[in-house]
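Trainee: Handing you a structure now.
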Amino acid sequence: MKPPLKFGPKQPYDVIVCGAGHAGCEAALAAARMGADTLLLTGNIDTIAQMSCNPAIGGQAKGHIVREIDALGGVMALNADTTAIQFRLLNASKGPAVQAPRAQCDKKAYQFRMKHIIELQPDLTLFQALVEGLIFEDDAVKGVRTNMGIEFYGKSVIVTTGTFLRGLMHIGNNRNEGGRLGDFTAKGLSGSLKEAGIELERLKTGTPPRILGSSIDFSVCEEQKGDEKPTRFAFYDTHFGEELFHVEQFEQNPEWDRRLFHVEQSHQRLLGWPPGADQVSCWETTTTGQTGEVIRQNLHLSPLYGGMIEGVGPRYCPSIEDKIVRFADKPTHKLFLEPEGRNTDEWYINGLSSSLPFEVQIEILHSVRGLEKAVMLRPAYAVEYDFAPPTQIFPSLESKKVSGLFFAGQINGTSGYEEAAGQGLLAGINAVQKLRGGEPLILGRHEGYLGVLVDDLVTKGTKEPYRMFTSRAEYRLLFNHGSAEVRLGGHAIELGLVGEGRAGRVREKLTQIEHWTDKLETTTTRGGTYGDLLRRNRNETESLLPADFLALPQATRDEVLYDICYRGYRERELRHIEKLKDIAKIKLPKDFDYTAIKGLRKESALKLDEIRPLDLAQAGRISGVNPADISLIMIALKARRG
């Protein structure tokens with residue numbers, strides 16, 4: 001039995017999460033799994049984990065993040081796997097470091113399954129109420145005020161409001177308040193944050209129209225089928241044991257069915273199906289010369305080009321009108337037609353985001369190959385919203401100005417479900433660690449994409465919606481998606497984010513990888529060691545490896561082979577990391593007065609004072625801070641210590 005709802009100052013929660021999007025779900029579940037008494041508040045419990053844009057998970061760098069979330073005990077990976085309707089491994093012909101899993105999900109199934117998981121999670125209370133303001137006392141957060149007049153108190157608060165802070169939607173000259181079409185906007189919370197001294201700015205994002213699949217002429221489109229052997233997000237070799245790994249065993253193995261979909265404590269069945277079962281196709285088409293002509297003739301009606309939109313939009317996911325203007329030399333642009341679920345005929349047009357008037361959108365739609373008779377179900381629109389520039393938070397995602405207040409997701413300036421979920425997971429962990437008096441989990445740039453993501457946000461900030469790319473990670477050769485559990489599993493075990501069963505399997509996996517990597521590098525055979533032969537020709541050598549090795553789980557074998565085949569490149573990166581460790585050990589005091597350092601440029605001093613870096617390595621990554629500035633800081637540190 002879950003405890004009754006608590007409210008008022010005499011009954012505080014350990015953690016309160018404001019918003020139940022992808023960041024809020026992971027934050028609340030992580031905190032509850034760590035044993036914290038957690039409250040999750042949302043303006044509408046029917047839209048928990050809603051996929052407001054494309055119902056897809058993963059992709060370049062994003063797929064890596066989802067695997068890192070799974071390695072840290074998060075739920076996005078399993079939820080995507082069990083509600084996916086198509087799997088594709090991107091960059092399959094390239095090296096393993098840049099290969100990335102992607103899944104097209106059933107929009108409603110994903111949402112409903114996540115809601116069910118939250119409802120069943122011990123130590124987690126879900127309640128529908130819109131947070132209108134925060135309760136502060138002595139520069140610390142104490143709770144939240146809701147639109148119902150109910151006040152909830154908590155020892156820490158995590159804000160995961162997505163696009164809902166003063167959300168404003170644009171379709172031509174038509175403007176409506178809301179964080180997404182048909183939903184509410186949160187006005188009061190922005191004012192409360194400003195009262196606490198937190199600066200807010202505006203960003204913009206957009207979404208394309210949705211259409212009826214039965215109105216598409218697929219005969220002129222190119223089919224994109226899913227992979228015959230799907231690359232899933234979750235680490236099933238440690239979740240459930242290798243004997244339950246293969247999808248083809250599902251019908252013969254009711255144990256996997258029970259563990260994936262059945263919750264023993266309540267005898268309830270979670271929504272979903274075997275990962276990779278009954279995949280559907282997506283389709284590719286293109287715009288035409290007529291598409292560009294319609295847009296150019298009506299560009300003056302765009303709220304973006306007419307100055308009605310203040311917020312800066314995503315550079316790497318531009319609207320169709322942006323594409324026509326920026327890439328005027330290109331006669332056509334690719335579009336991808338993607339189904340939104342198994343039990344709906346609603347389709348998403350990936351690449352056709354717009355904020356042009358409705359009548360113009362219809363013209364654009366009917367100018368596209370295969371969509372000449374398309375029936376629109378929902379129009380495209382742009383939405384602008386408040387965000388808090390992330391240089392105002394520590395790497396733990398806690399506010400520098402308000403103790404106990406954490407931020408995660410689009411409020412930190414990011415775009416994408418995966419980036420949001422990863423931040424939410426880390427914020428939930430660190431909110432609990434703060435209550436315990438423990439050290440926050442701050443992942444290094446050498447540990448994973450989540451480490452790069454947070455460091456980029458808090459050190460460099462962002463002026464446009466931040467999206468993760470493999471190119472942002474200087475150590476990406478260490479980040480092949482299959483290694484996420486190797487890199488981060490230790491943190492999950494130490495923090496109690498995974499159960500003892502999985503923890504034991506992770507430990508065994510790490511031991512086997514270390515043992516066999518060493519053994520294959522030192523055991524000689526014809527022509528040298530096994531490692532030498534693998535680096536010369538992996539395809540010919542693999543079948544000659546010891547039988548004991550070939551009997552290991554596939555995930556373990558893959559990591560051993562990756563470590564060996566790319567050993568030279570990996571060792572070069574590891575040497576570079578070792579060199580930087582010394583500078584990272586030099587911690588910078590929180591009260592360090594950079595303006596008092598003689599010879600330090602004013603620009604550098606102001607940026608250092610704003611960011612308040614934790615160590616000298618982070619200081620060196622701040623835009624505008626150069627090596628000469630670092631030398632002056634080191635001299636000032638020595639003088640301070642006497």
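FYI, nothing fancy with the structure tokens labels: chains A, B, ... in order, residues from 1 per chain, ligands from 1 as they appear.
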DSSP on the backbone: which residues in segment 554-635 of chain A end up as alpha helix (DSSP H)? Give the answer as a CSV table (one decimal) with N, CA, C and O atoms, in the first residue's frame.

Mentor:
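Now in out20.csv:
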chain,number,residue,atom,x,y,z
A,554,GLN,N,26.9,-12.6,-25.7
A,554,GLN,CA,27.3,-11.8,-26.9
A,554,GLN,C,27.8,-10.4,-26.5
A,554,GLN,O,28.8,-9.9,-27.0
A,555,ALA,N,27.1,-9.8,-25.5
A,555,ALA,CA,27.5,-8.4,-25.1
A,555,ALA,C,28.9,-8.4,-24.5
A,555,ALA,O,29.7,-7.5,-24.7
A,556,THR,N,29.2,-9.4,-23.7
A,556,THR,CA,30.6,-9.5,-23.1
A,556,THR,C,31.6,-9.7,-24.2
A,556,THR,O,32.7,-9.1,-24.2
A,557,ARG,N,31.4,-10.6,-25.1
A,557,ARG,CA,32.3,-10.9,-26.2
A,557,ARG,C,32.5,-9.6,-27.1
A,557,ARG,O,33.7,-9.3,-27.4
A,558,ASP,N,31.5,-8.9,-27.4
A,558,ASP,CA,31.6,-7.7,-28.2
A,558,ASP,C,32.5,-6.7,-27.5
A,558,ASP,O,33.3,-6.0,-28.2
A,559,GLU,N,32.4,-6.5,-26.2
A,559,GLU,CA,33.2,-5.5,-25.5
A,559,GLU,C,34.7,-5.9,-25.5
A,559,GLU,O,35.6,-5.1,-25.7
A,560,VAL,N,34.9,-7.2,-25.3
A,560,VAL,CA,36.3,-7.7,-25.3
A,560,VAL,C,36.9,-7.4,-26.7
A,560,VAL,O,38.1,-6.9,-26.8
A,561,LEU,N,36.2,-7.8,-27.7
A,561,LEU,CA,36.7,-7.6,-29.1
A,561,LEU,C,36.9,-6.1,-29.5
A,561,LEU,O,37.8,-5.8,-30.2
A,562,TYR,N,36.0,-5.3,-29.0
A,562,TYR,CA,36.1,-3.9,-29.3
A,562,TYR,C,37.4,-3.3,-28.6
A,562,TYR,O,38.2,-2.6,-29.2
A,563,ASP,N,37.6,-3.7,-27.3
A,563,ASP,CA,38.8,-3.2,-26.6
A,563,ASP,C,40.1,-3.7,-27.3
A,563,ASP,O,41.0,-2.9,-27.4
A,564,ILE,N,40.1,-4.9,-27.8
A,564,ILE,CA,41.3,-5.4,-28.4
A,564,ILE,C,41.5,-4.8,-29.8
A,564,ILE,O,42.6,-4.3,-30.2
A,565,CYS,N,40.5,-4.8,-30.7
A,565,CYS,CA,40.6,-4.3,-32.0
A,565,CYS,C,41.0,-2.8,-32.1
A,565,CYS,O,41.6,-2.4,-33.1
A,567,ARG,N,42.6,-1.1,-29.7
A,567,ARG,CA,43.4,-0.9,-28.5
A,567,ARG,C,44.3,0.3,-28.7
A,567,ARG,O,44.5,1.1,-27.8
A,568,GLY,N,45.0,0.5,-29.8
A,568,GLY,CA,45.9,1.6,-30.1
A,568,GLY,C,45.2,2.9,-29.9
A,568,GLY,O,45.7,3.8,-29.3
A,569,TYR,N,44.0,3.0,-30.5
A,569,TYR,CA,43.3,4.3,-30.5
A,569,TYR,C,42.8,4.6,-29.0
A,569,TYR,O,42.9,5.7,-28.5
A,570,ARG,N,42.3,3.5,-28.4
A,570,ARG,CA,41.8,3.7,-27.0
A,570,ARG,C,42.9,4.1,-26.0
A,570,ARG,O,42.8,4.9,-25.2
A,571,GLU,N,44.1,3.4,-26.2
A,571,GLU,CA,45.2,3.8,-25.3
A,571,GLU,C,45.7,5.2,-25.5
A,571,GLU,O,46.1,5.9,-24.5
A,572,ARG,N,45.6,5.7,-26.7
A,572,ARG,CA,46.0,7.1,-26.9
A,572,ARG,C,45.0,8.0,-26.2
A,572,ARG,O,45.5,9.0,-25.6
A,573,GLU,N,43.8,7.7,-26.3
A,573,GLU,CA,42.8,8.6,-25.6
A,573,GLU,C,43.0,8.5,-24.0
A,573,GLU,O,42.8,9.5,-23.3
A,574,LEU,N,43.2,7.3,-23.6
A,574,LEU,CA,43.4,7.1,-22.1
A,574,LEU,C,44.6,7.8,-21.6
A,574,LEU,O,44.6,8.3,-20.5
A,575,ARG,N,45.7,7.8,-22.4
A,575,ARG,CA,46.9,8.6,-22.0
A,575,ARG,C,46.6,10.1,-21.9
A,575,ARG,O,47.1,10.8,-21.0
A,576,HIS,N,45.8,10.6,-22.8
A,576,HIS,CA,45.4,12.0,-22.8
A,576,HIS,C,44.6,12.3,-21.5
A,576,HIS,O,44.7,13.3,-20.9
A,577,ILE,N,43.7,11.4,-21.2
A,577,ILE,CA,42.9,11.5,-20.0
A,577,ILE,C,43.7,11.6,-18.7
A,577,ILE,O,43.5,12.4,-17.8
A,578,GLU,N,44.7,10.7,-18.7
A,578,GLU,CA,45.7,10.7,-17.5
A,578,GLU,C,46.4,12.0,-17.4
A,578,GLU,O,46.6,12.5,-16.3
A,579,LYS,N,46.8,12.6,-18.5
A,579,LYS,CA,47.5,13.9,-18.4
A,579,LYS,C,46.6,15.0,-17.8
A,579,LYS,O,47.1,15.9,-17.1
A,580,LEU,N,45.3,14.9,-18.1
A,580,LEU,CA,44.4,15.9,-17.7
A,580,LEU,C,44.0,15.7,-16.2
A,580,LEU,O,43.4,16.7,-15.6
A,581,LYS,N,44.2,14.5,-15.7
A,581,LYS,CA,43.8,14.3,-14.3
A,581,LYS,C,44.5,15.2,-13.3
A,581,LYS,O,43.9,15.6,-12.3
A,582,ASP,N,45.8,15.5,-13.5
A,582,ASP,CA,46.5,16.3,-12.6
A,582,ASP,C,45.9,17.7,-12.5
A,582,ASP,O,45.7,18.2,-11.4
A,583,ILE,N,45.5,18.3,-13.6
A,583,ILE,CA,44.9,19.6,-13.6
A,583,ILE,C,43.5,19.6,-13.0
A,583,ILE,O,43.1,20.5,-12.3
A,584,ALA,N,42.8,18.4,-13.2
A,584,ALA,CA,41.5,18.3,-12.6
A,584,ALA,C,41.5,18.2,-11.1
A,584,ALA,O,40.5,18.4,-10.4
A,602,LYS,N,39.7,41.1,-17.7
A,602,LYS,CA,38.4,41.4,-17.1
A,602,LYS,C,37.3,40.4,-17.6
A,602,LYS,O,36.5,39.9,-16.9
A,603,GLU,N,37.4,40.1,-19.0
A,603,GLU,CA,36.5,39.2,-19.6
A,603,GLU,C,36.5,37.8,-18.9
A,603,GLU,O,35.5,37.2,-18.6
A,604,SER,N,37.8,37.4,-18.7
A,604,SER,CA,38.0,36.0,-18.1
A,604,SER,C,37.5,36.0,-16.7
A,604,SER,O,36.8,35.1,-16.2
A,605,ALA,N,37.8,37.1,-15.9
A,605,ALA,CA,37.4,37.2,-14.5
A,605,ALA,C,35.9,37.1,-14.4
A,605,ALA,O,35.3,36.4,-13.5
A,606,LEU,N,35.2,37.8,-15.3
A,606,LEU,CA,33.7,37.9,-15.2
A,606,LEU,C,33.1,36.5,-15.5
A,606,LEU,O,32.2,36.0,-14.9
A,607,LYS,N,33.7,35.8,-16.5
A,607,LYS,CA,33.2,34.5,-16.9
A,607,LYS,C,33.5,33.5,-15.8
A,607,LYS,O,32.6,32.6,-15.5
A,608,LEU,N,34.6,33.5,-15.2
A,608,LEU,CA,35.0,32.6,-14.1
A,608,LEU,C,34.1,32.8,-12.9
A,608,LEU,O,33.7,31.9,-12.3
A,609,ASP,N,33.8,34.1,-12.7
A,609,ASP,CA,32.9,34.4,-11.5
A,609,ASP,C,31.5,33.9,-11.8
A,609,ASP,O,30.8,33.5,-10.9
A,610,GLU,N,31.0,34.0,-13.1
A,610,GLU,CA,29.7,33.5,-13.4
A,610,GLU,C,29.6,32.0,-13.3
A,610,GLU,O,28.7,31.4,-12.7
A,611,ILE,N,30.6,31.3,-13.9
A,611,ILE,CA,30.5,29.8,-13.9
A,611,ILE,C,30.9,29.2,-12.6
A,611,ILE,O,30.3,28.1,-12.2
A,616,LEU,N,40.5,23.3,-12.0
A,616,LEU,CA,41.2,24.0,-13.0
A,616,LEU,C,40.9,23.5,-14.4
A,616,LEU,O,40.9,24.3,-15.4
A,617,ALA,N,40.6,22.2,-14.5
A,617,ALA,CA,40.3,21.6,-15.8
A,617,ALA,C,39.0,22.2,-16.4
A,617,ALA,O,38.9,22.6,-17.5
A,618,GLN,N,38.0,22.4,-15.5
A,618,GLN,CA,36.7,23.0,-16.0
A,618,GLN,C,36.9,24.4,-16.3
A,618,GLN,O,36.4,25.0,-17.3
A,619,ALA,N,37.8,25.1,-15.5
A,619,ALA,CA,38.1,26.5,-15.8
A,619,ALA,C,38.6,26.7,-17.2
A,619,ALA,O,38.3,27.6,-18.0
A,620,GLY,N,39.5,25.8,-17.6
A,620,GLY,CA,40.1,25.8,-18.9
A,620,GLY,C,39.2,25.6,-20.1
A,620,GLY,O,39.5,25.9,-21.2
A,627,PRO,N,45.1,29.7,-21.9
A,627,PRO,CA,46.1,29.1,-21.0
A,627,PRO,C,46.8,30.1,-20.1
A,627,PRO,O,47.2,29.8,-19.0
A,628,ALA,N,47.0,31.4,-20.6
A,628,ALA,CA,47.7,32.4,-19.8
A,628,ALA,C,46.8,32.7,-18.6
A,628,ALA,O,47.4,32.9,-17.5
A,629,ASP,N,45.5,32.7,-18.7
A,629,ASP,CA,44.6,32.9,-17.6
A,629,ASP,C,44.7,31.8,-16.6
A,629,ASP,O,44.7,32.0,-15.3
A,630,ILE,N,44.9,30.6,-17.0
A,630,ILE,CA,45.0,29.4,-16.1
A,630,ILE,C,46.3,29.5,-15.3
A,630,ILE,O,46.3,29.2,-14.1
A,631,SER,N,47.4,30.0,-16.0
A,631,SER,CA,48.6,30.2,-15.3
A,631,SER,C,48.5,31.2,-14.1
A,631,SER,O,49.0,31.0,-13.0
A,632,LEU,N,47.8,32.3,-14.4
A,632,LEU,CA,47.6,33.3,-13.4
A,632,LEU,C,46.7,32.8,-12.2
A,632,LEU,O,47.0,33.1,-11.1
A,633,ILE,N,45.8,32.0,-12.6
A,633,ILE,CA,44.9,31.4,-11.5
A,633,ILE,C,45.8,30.5,-10.6
A,633,ILE,O,45.6,30.5,-9.4
A,634,MET,N,46.6,29.7,-11.2
A,634,MET,CA,47.5,28.8,-10.4
A,634,MET,C,48.4,29.6,-9.5
A,634,MET,O,48.6,29.2,-8.3
A,635,ILE,N,49.0,30.7,-10.0
A,635,ILE,CA,49.8,31.5,-9.2
A,635,ILE,C,49.0,32.1,-8.0
A,635,ILE,O,49.5,32.1,-6.8

Trainee: If we count only C-alpha atoms, what is near segment 125-136 of chain A at a cut-off of 8 Å, once residues fewer than 3 positions away on the same chain are taken out, given as a ChimeraX atom specification?

Mentor: /A:2,5,18,38-45,118-119,139-148,186-193,196

Trainee: Would you give me, as CSV, each residue of segment 174-235 of chain A having an atom within 10 Å of an atom of segment 74-78 of chain A, along with its shortest atom pair and that distance in Å to one decimal, using only C-alpha atoms and sorting by chain and residue number?

Mentor:
residue,atom,partner,partner_atom,distance
A:Arg232,CA,A:Ala77,CA,8.0
A:Phe233,CA,A:Ala77,CA,5.0
A:Ala234,CA,A:Ala77,CA,5.1
A:Phe235,CA,A:Ala77,CA,8.7

Trainee: Tell me, as a compact mmCIF listing (two decimals) with C-alpha atoms, in the first residue's frame, which residues lie within 9 Å of Gly58 of chain A, counting only C-alpha atoms; anything in the same chain fewer than 5 positions away does not count.

Mentor:
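Everything below was put into part19.txt:
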# COMPACT_ATOMS: atom_id res chain seq x y z
CA GLY A 63 21.06 6.29 -28.64
CA HIS A 64 24.30 6.20 -26.66
CA ILE A 65 22.65 8.35 -23.97
CA VAL A 66 19.70 5.94 -23.71
CA ALA A 100 23.80 4.24 -32.78
CA PRO A 101 20.51 2.45 -32.07
CA ARG A 102 17.21 4.18 -32.89
CA ALA A 103 13.64 3.02 -32.37
CA GLN A 104 10.33 4.30 -33.64
CA PHE A 233 18.65 -0.23 -25.83
CA TYR A 417 13.79 13.32 -25.02
CA GLU A 418 17.10 11.56 -24.40

Trainee: To one decimal place in Å, what is the distance between atom CA of Gly351 of chain A and atom CA of Thr205 of chain A?

Mentor: 12.9 Å

Trainee: Near segment 269-283 of chain A, counting only C-alpha atoms, which residues have an atom at most 8 Å away, once you skip same-chain residues fewer than 6 positions from it, shown as an NGL selection string?

Mentor: :A and (81-87 or 109 or 112-113 or 116-117 or 218 or 221-226 or 229-230 or 232 or 247 or 250 or 257 or 260-263 or 336-339)

Trainee: For Gly167 of chain A, list every protein, DNA or RNA residue within 8 Å, evaluated using only C-alpha atoms, and leave out those in the same chain fewer than 5 positions away; present the list as number ranges by chain.

Mentor: A: 177-180, 185-186, 383-386

Trainee: If you count only C-alpha atoms, which residues fall within 7 Å of Val15 of chain A, apart from same-chain ones fewer than 3 positions away, as a PyMOL selection string?

Mentor: chain A and resi 36-39+154-157

Trainee: Keeping only C-alpha atoms, write the selected residues to a file as a PDB file, in the first residue's frame.

Mentor:
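Dumped to result06.pdb:
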ATOM      1  CA  ALA A  36      13.656   8.865  -1.018  1.00  0.00           C
ATOM      2  CA  ASP A  37      10.038   9.768  -0.261  1.00  0.00           C
ATOM      3  CA  THR A  38       9.234  11.376  -3.610  1.00  0.00           C
ATOM      4  CA  LEU A  39       6.318  13.402  -4.974  1.00  0.00           C
ATOM      5  CA  GLY A 154      10.022  19.125   0.326  1.00  0.00           C
ATOM      6  CA  LYS A 155      13.666  19.013   1.309  1.00  0.00           C
ATOM      7  CA  SER A 156      14.604  19.428  -2.345  1.00  0.00           C
ATOM      8  CA  VAL A 157      12.741  20.367  -5.532  1.00  0.00           C
TER       9      VAL A 157
END

Trainee: Would you please extract all strand (DSSP E or B) residues from segment 404-623 of chain A, as assigned by DSSP on the backbone, and give them as a count of residues only?

Mentor: 11

Trainee: Quick check, in Å to one decimal: how far apart do atom CA of Pro3 of chain A and atom CA of Gln121 of chain A lie?

Mentor: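 Atom-to-atom, atom CA of Pro3 of chain A to atom CA of Gln121 of chain A, that is 12.0 Å.
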
Trainee: Excluding Thr47 of chain A and residues on its chain fewer than 6 positions from it, collect all residues at most 10 Å away from it, counting only C-alpha atoms, and give them as a PDB file with N, CA, C and O atoms, in the first residue's frame.

Mentor:
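Wrote selection_24.pdb, looks like this:
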ATOM      1  N   ALA A  20       6.133  15.995 -15.395  1.00  0.00           N
ATOM      2  CA  ALA A  20       6.253  14.558 -15.632  1.00  0.00           C
ATOM      3  C   ALA A  20       6.518  14.244 -17.099  1.00  0.00           C
ATOM      4  O   ALA A  20       5.937  13.316 -17.665  1.00  0.00           O
ATOM      5  N   GLY A  21       7.407  15.033 -17.706  1.00  0.00           N
ATOM      6  CA  GLY A  21       7.906  14.676 -19.028  1.00  0.00           C
ATOM      7  C   GLY A  21       9.021  13.656 -18.879  1.00  0.00           C
ATOM      8  O   GLY A  21       9.143  12.980 -17.859  1.00  0.00           O
ATOM      9  N   LYS A 108       1.462   6.248 -27.860  1.00  0.00           N
ATOM     10  CA  LYS A 108       0.586   6.085 -26.701  1.00  0.00           C
ATOM     11  C   LYS A 108       1.038   4.932 -25.806  1.00  0.00           C
ATOM     12  O   LYS A 108       0.955   5.012 -24.581  1.00  0.00           O
ATOM     13  N   GLN A 111       3.846   6.109 -23.605  1.00  0.00           N
ATOM     14  CA  GLN A 111       3.321   7.011 -22.576  1.00  0.00           C
ATOM     15  C   GLN A 111       2.576   6.249 -21.482  1.00  0.00           C
ATOM     16  O   GLN A 111       2.804   6.464 -20.282  1.00  0.00           O
ATOM     17  N   PHE A 112       1.678   5.352 -21.874  1.00  0.00           N
ATOM     18  CA  PHE A 112       0.869   4.626 -20.892  1.00  0.00           C
ATOM     19  C   PHE A 112       1.720   3.681 -20.050  1.00  0.00           C
ATOM     20  O   PHE A 112       1.485   3.503 -18.856  1.00  0.00           O
ATOM     21  N   LYS A 115       3.567   5.715 -17.429  1.00  0.00           N
ATOM     22  CA  LYS A 115       2.630   6.134 -16.384  1.00  0.00           C
ATOM     23  C   LYS A 115       2.381   4.981 -15.410  1.00  0.00           C
ATOM     24  O   LYS A 115       2.353   5.171 -14.184  1.00  0.00           O
ATOM     25  N   ASP A 183      -2.716  21.771 -24.817  1.00  0.00           N
ATOM     26  CA  ASP A 183      -2.331  21.633 -23.416  1.00  0.00           C
ATOM     27  C   ASP A 183      -2.144  23.010 -22.785  1.00  0.00           C
ATOM     28  O   ASP A 183      -2.239  24.041 -23.454  1.00  0.00           O
TER      29      ASP A 183
END

Trainee: Can you measure atom CA of His170 of chain A to atom CA of Ser355 of chain A for me? One decimal in Å is fine.

Mentor: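 Separation of atom CA of His170 of chain A and atom CA of Ser355 of chain A: 6.0 Å.
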
Trainee: I need the residue nearest His481 of chain A from this list: A:Pro96, A:Pro331, A:Gly428, A:Gly422. Use only C-alpha atoms for the distance.

Mentor: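 Among A:Pro96, A:Pro331, A:Gly428, A:Gly422, it is A:Pro96 that comes nearest to His481 of chain A.
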
Trainee: Using only C-alpha atoms, can you tell me which of A:Phe152, A:Phe407, A:Tyr381, A:Trp516 comes closest to Asn174 of chain A?

Mentor: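 Of the candidates, the smallest distance to Asn174 of chain A is held by A:Tyr381.
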
Trainee: Of the candidates A:Gln297, A:Gln268, A:Thr344, A:Thr287, which shows the shortest atom-to-atom distance to Ile211 of chain A, using only C-alpha atoms?

Mentor: A:Thr344

Trainee: Select, from A:Leu200, A:Gly206, A:Gly504, A:Ser367, the residue with the minimum atom-to-atom distance to Asp237 of chain A, counting only C-alpha atoms.

Mentor: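 With only C-alpha atoms as the atom set, the closest residue is A:Gly504.
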